Amino acid sequence: MNTQIKQIAARIRALREILDLSETEIAAKCSISEAEYELFESGTSDIPVSFLYQFAQAFGVDTTTLLSGEEPRMTSFFVTRKGTGASVERTKAYKYMSLAHGFKNTKMEPFEVTVEPNNNHISLNSHTGQEFNLVLEGTLQIHIAGNDIVLNEGDSIYFDATKPHGMKAIGGRKVRFLAVIG
């Protein structure tokens, strides 16, 4: 796994240790299996941003802190200039750029997500809350609650994020979309 995932895993482990919680307690609080949590904490498995958001909400930290290791400082507003968000490349297929990484105590997490083409597998995940996706570039296939939906540039979807969902780029082009998790 890449270095960023190992660093995120180390921050998760450190926070668990600071809170003096077991892996079992963390897994239960985040509604995942202990085995899945252990994979995330070990840094040997991709860590979904949805899990990081859920973990952050459950334990009172900012998602940005988990992603970057830096504490957000702004409380009135925070501007992210084009291409300057806190970037995390979880896998070669997905790249997330946090668009609110400098704002403290966010109530939602906006990301610019890039999905590379030629990934035929859709990995499903679910998390608490709701999610909004707006396609900025390309064509996105999203699988949610047993349905396959194709979204083109300018299309959006709002959904219950507790339903298993995942996506892939189609049409041989990368996809960029705005994802807001809340």
# chains A, B, ... in the order shown; residues from 1 in each chain; ligands from 1
$ residues_around --residues "Ile32 in chain A" --least-positions-apart "3" --cutoff "12 Å" --atoms "only C-alpha atoms" --output "ChimeraX atom specification"
/A:23-29,35-40,50-51,54-55,125-128
$ closest_residue --among "A:Thr106, A:Thr162, A:Thr139, A:Asn118" --to "Gln57 in chain A" --atoms "only C-alpha atoms"
A:Thr106
$ residues_around --residues "Asp62 in chain A" --least-positions-apart "6" --cutoff "9 Å" --atoms "only C-alpha atoms" --output "MDAnalysis selection string"
chainID A and resid 53 56 71:72 101 103:106
$ residues_around --residues "range 9-19 of chain A" --least-positions-apart "4" --cutoff "9 Å" --atoms "only C-alpha atoms" --output "number ranges by chain"
A: 4-5, 23, 26, 40-44, 47, 52, 55, 59, 65-67, 69
$ atom_distance --atom1 "CA of Ile144 in chain A" --atom2 "CA of Ile8 in chain A"
27.0 Å
$ atom_distance --atom1 "CA of Leu140 in chain A" --atom2 "CA of Lys82 in chain A"
21.7 Å
$ atom_distance --atom1 "CA of Val175 in chain A" --atom2 "CA of Glu116 in chain A"
6.5 Å
$ decode --residues "range 64-76 of chain A" --atoms "all heavy atoms" --output "PDB file, in the first residue's frame"
ATOM      1  N   THR A  64      -9.803  15.991   8.209  1.00  0.00           N
ATOM      2  CA  THR A  64      -8.551  16.533   7.695  1.00  0.00           C
ATOM      3  C   THR A  64      -7.365  16.089   8.532  1.00  0.00           C
ATOM      4  O   THR A  64      -6.302  15.773   8.006  1.00  0.00           O
ATOM      5  CB  THR A  64      -8.606  18.076   7.660  1.00  0.00           C
ATOM      6  OG1 THR A  64      -9.625  18.462   6.745  1.00  0.00           O
ATOM      7  CG2 THR A  64      -7.285  18.687   7.257  1.00  0.00           C
ATOM      8  N   THR A  65      -7.533  16.042   9.838  1.00  0.00           N
ATOM      9  CA  THR A  65      -6.453  15.620  10.723  1.00  0.00           C
ATOM     10  C   THR A  65      -6.047  14.184  10.415  1.00  0.00           C
ATOM     11  O   THR A  65      -4.859  13.857  10.369  1.00  0.00           O
ATOM     12  CB  THR A  65      -6.872  15.766  12.191  1.00  0.00           C
ATOM     13  OG1 THR A  65      -7.278  17.120  12.420  1.00  0.00           O
ATOM     14  CG2 THR A  65      -5.734  15.418  13.132  1.00  0.00           C
ATOM     15  N   LEU A  66      -7.036  13.330  10.189  1.00  0.00           N
ATOM     16  CA  LEU A  66      -6.735  11.938   9.841  1.00  0.00           C
ATOM     17  C   LEU A  66      -6.068  11.848   8.474  1.00  0.00           C
ATOM     18  O   LEU A  66      -5.130  11.075   8.285  1.00  0.00           O
ATOM     19  CB  LEU A  66      -8.014  11.095   9.841  1.00  0.00           C
ATOM     20  CG  LEU A  66      -8.725  10.968  11.186  1.00  0.00           C
ATOM     21  CD1 LEU A  66     -10.038  10.223  11.013  1.00  0.00           C
ATOM     22  CD2 LEU A  66      -7.838  10.287  12.209  1.00  0.00           C
ATOM     23  N   LEU A  67      -6.546  12.629   7.504  1.00  0.00           N
ATOM     24  CA  LEU A  67      -6.004  12.582   6.146  1.00  0.00           C
ATOM     25  C   LEU A  67      -4.603  13.161   6.048  1.00  0.00           C
ATOM     26  O   LEU A  67      -3.737  12.598   5.383  1.00  0.00           O
ATOM     27  CB  LEU A  67      -6.922  13.337   5.178  1.00  0.00           C
ATOM     28  CG  LEU A  67      -8.260  12.690   4.842  1.00  0.00           C
ATOM     29  CD1 LEU A  67      -9.142  13.669   4.085  1.00  0.00           C
ATOM     30  CD2 LEU A  67      -8.046  11.420   4.038  1.00  0.00           C
ATOM     31  N   SER A  68      -4.381  14.294   6.697  1.00  0.00           N
ATOM     32  CA  SER A  68      -3.134  15.029   6.468  1.00  0.00           C
ATOM     33  C   SER A  68      -2.210  15.111   7.677  1.00  0.00           C
ATOM     34  O   SER A  68      -1.036  15.453   7.522  1.00  0.00           O
ATOM     35  CB  SER A  68      -3.457  16.455   6.014  1.00  0.00           C
ATOM     36  OG  SER A  68      -4.037  17.189   7.088  1.00  0.00           O
ATOM     37  N   GLY A  69      -2.741  14.876   8.857  1.00  0.00           N
ATOM     38  CA  GLY A  69      -1.932  15.028  10.060  1.00  0.00           C
ATOM     39  C   GLY A  69      -1.860  16.464  10.542  1.00  0.00           C
ATOM     40  O   GLY A  69      -1.193  16.759  11.524  1.00  0.00           O
ATOM     41  N   GLU A  70      -2.570  17.356   9.869  1.00  0.00           N
ATOM     42  CA  GLU A  70      -2.580  18.769  10.259  1.00  0.00           C
ATOM     43  C   GLU A  70      -3.932  19.151  10.807  1.00  0.00           C
ATOM     44  O   GLU A  70      -4.965  18.663  10.344  1.00  0.00           O
ATOM     45  CB  GLU A  70      -2.247  19.645   9.048  1.00  0.00           C
ATOM     46  CG  GLU A  70      -0.849  19.413   8.528  1.00  0.00           C
ATOM     47  CD  GLU A  70      -0.526  20.297   7.335  1.00  0.00           C
ATOM     48  OE1 GLU A  70      -1.195  21.330   7.142  1.00  0.00           O
ATOM     49  OE2 GLU A  70       0.399  19.939   6.600  1.00  0.00           O
ATOM     50  N   GLU A  71      -3.935  20.041  11.792  1.00  0.00           N
ATOM     51  CA  GLU A  71      -5.173  20.509  12.401  1.00  0.00           C
ATOM     52  C   GLU A  71      -5.731  21.694  11.616  1.00  0.00           C
ATOM     53  O   GLU A  71      -5.000  22.649  11.340  1.00  0.00           O
ATOM     54  CB  GLU A  71      -4.924  20.959  13.844  1.00  0.00           C
ATOM     55  CG  GLU A  71      -4.648  19.837  14.805  1.00  0.00           C
ATOM     56  CD  GLU A  71      -5.901  19.040  15.141  1.00  0.00           C
ATOM     57  OE1 GLU A  71      -7.002  19.597  15.116  1.00  0.00           O
ATOM     58  OE2 GLU A  71      -5.748  17.851  15.429  1.00  0.00           O
ATOM     59  N   PRO A  72      -7.010  21.670  11.256  1.00  0.00           N
ATOM     60  CA  PRO A  72      -7.614  22.843  10.634  1.00  0.00           C
ATOM     61  C   PRO A  72      -7.699  23.982  11.654  1.00  0.00           C
ATOM     62  O   PRO A  72      -7.807  23.730  12.858  1.00  0.00           O
ATOM     63  CB  PRO A  72      -9.008  22.368  10.226  1.00  0.00           C
ATOM     64  CG  PRO A  72      -9.227  21.081  10.911  1.00  0.00           C
ATOM     65  CD  PRO A  72      -7.915  20.563  11.387  1.00  0.00           C
ATOM     66  N   ARG A  73      -7.644  25.220  11.163  1.00  0.00           N
ATOM     67  CA  ARG A  73      -7.597  26.363  12.078  1.00  0.00           C
ATOM     68  C   ARG A  73      -8.708  27.387  11.868  1.00  0.00           C
ATOM     69  O   ARG A  73      -9.011  28.159  12.751  1.00  0.00           O
ATOM     70  CB  ARG A  73      -6.248  27.061  11.933  1.00  0.00           C
ATOM     71  CG  ARG A  73      -5.092  26.195  12.398  1.00  0.00           C
ATOM     72  CD  ARG A  73      -3.788  26.971  12.378  1.00  0.00           C
ATOM     73  NE  ARG A  73      -2.735  26.187  12.980  1.00  0.00           N
ATOM     74  CZ  ARG A  73      -1.962  25.346  12.324  1.00  0.00           C
ATOM     75  NH1 ARG A  73      -2.136  25.163  11.034  1.00  0.00           N
ATOM     76  NH2 ARG A  73      -1.017  24.678  12.943  1.00  0.00           N
ATOM     77  N   MET A  74      -9.304  27.431  10.700  1.00  0.00           N
ATOM     78  CA  MET A  74     -10.257  28.488  10.371  1.00  0.00           C
ATOM     79  C   MET A  74     -11.648  28.189  10.937  1.00  0.00           C
ATOM     80  O   MET A  74     -12.083  27.045  10.954  1.00  0.00           O
ATOM     81  CB  MET A  74     -10.351  28.672   8.863  1.00  0.00           C
ATOM     82  CG  MET A  74      -9.005  28.999   8.205  1.00  0.00           C
ATOM     83  SD  MET A  74      -8.148  30.428   8.923  1.00  0.00           S
ATOM     84  CE  MET A  74      -9.218  31.746   8.416  1.00  0.00           C
ATOM     85  N   THR A  75     -12.353  29.264  11.387  1.00  0.00           N
ATOM     86  CA  THR A  75     -13.686  29.086  11.947  1.00  0.00           C
ATOM     87  C   THR A  75     -14.746  29.950  11.265  1.00  0.00           C
ATOM     88  O   THR A  75     -15.932  29.679  11.412  1.00  0.00           O
ATOM     89  CB  THR A  75     -13.700  29.396  13.453  1.00  0.00           C
ATOM     90  OG1 THR A  75     -13.215  30.723  13.656  1.00  0.00           O
ATOM     91  CG2 THR A  75     -12.844  28.403  14.221  1.00  0.00           C
ATOM     92  N   SER A  76     -14.348  30.980  10.540  1.00  0.00           N
ATOM     93  CA  SER A  76     -15.321  31.834   9.854  1.00  0.00           C
ATOM     94  C   SER A  76     -15.511  31.417   8.405  1.00  0.00           C
ATOM     95  O   SER A  76     -16.626  31.325   7.919  1.00  0.00           O
ATOM     96  CB  SER A  76     -14.889  33.297   9.886  1.00  0.00           C
ATOM     97  OG  SER A  76     -14.890  33.770  11.214  1.00  0.00           O
TER      98      SER A  76
END
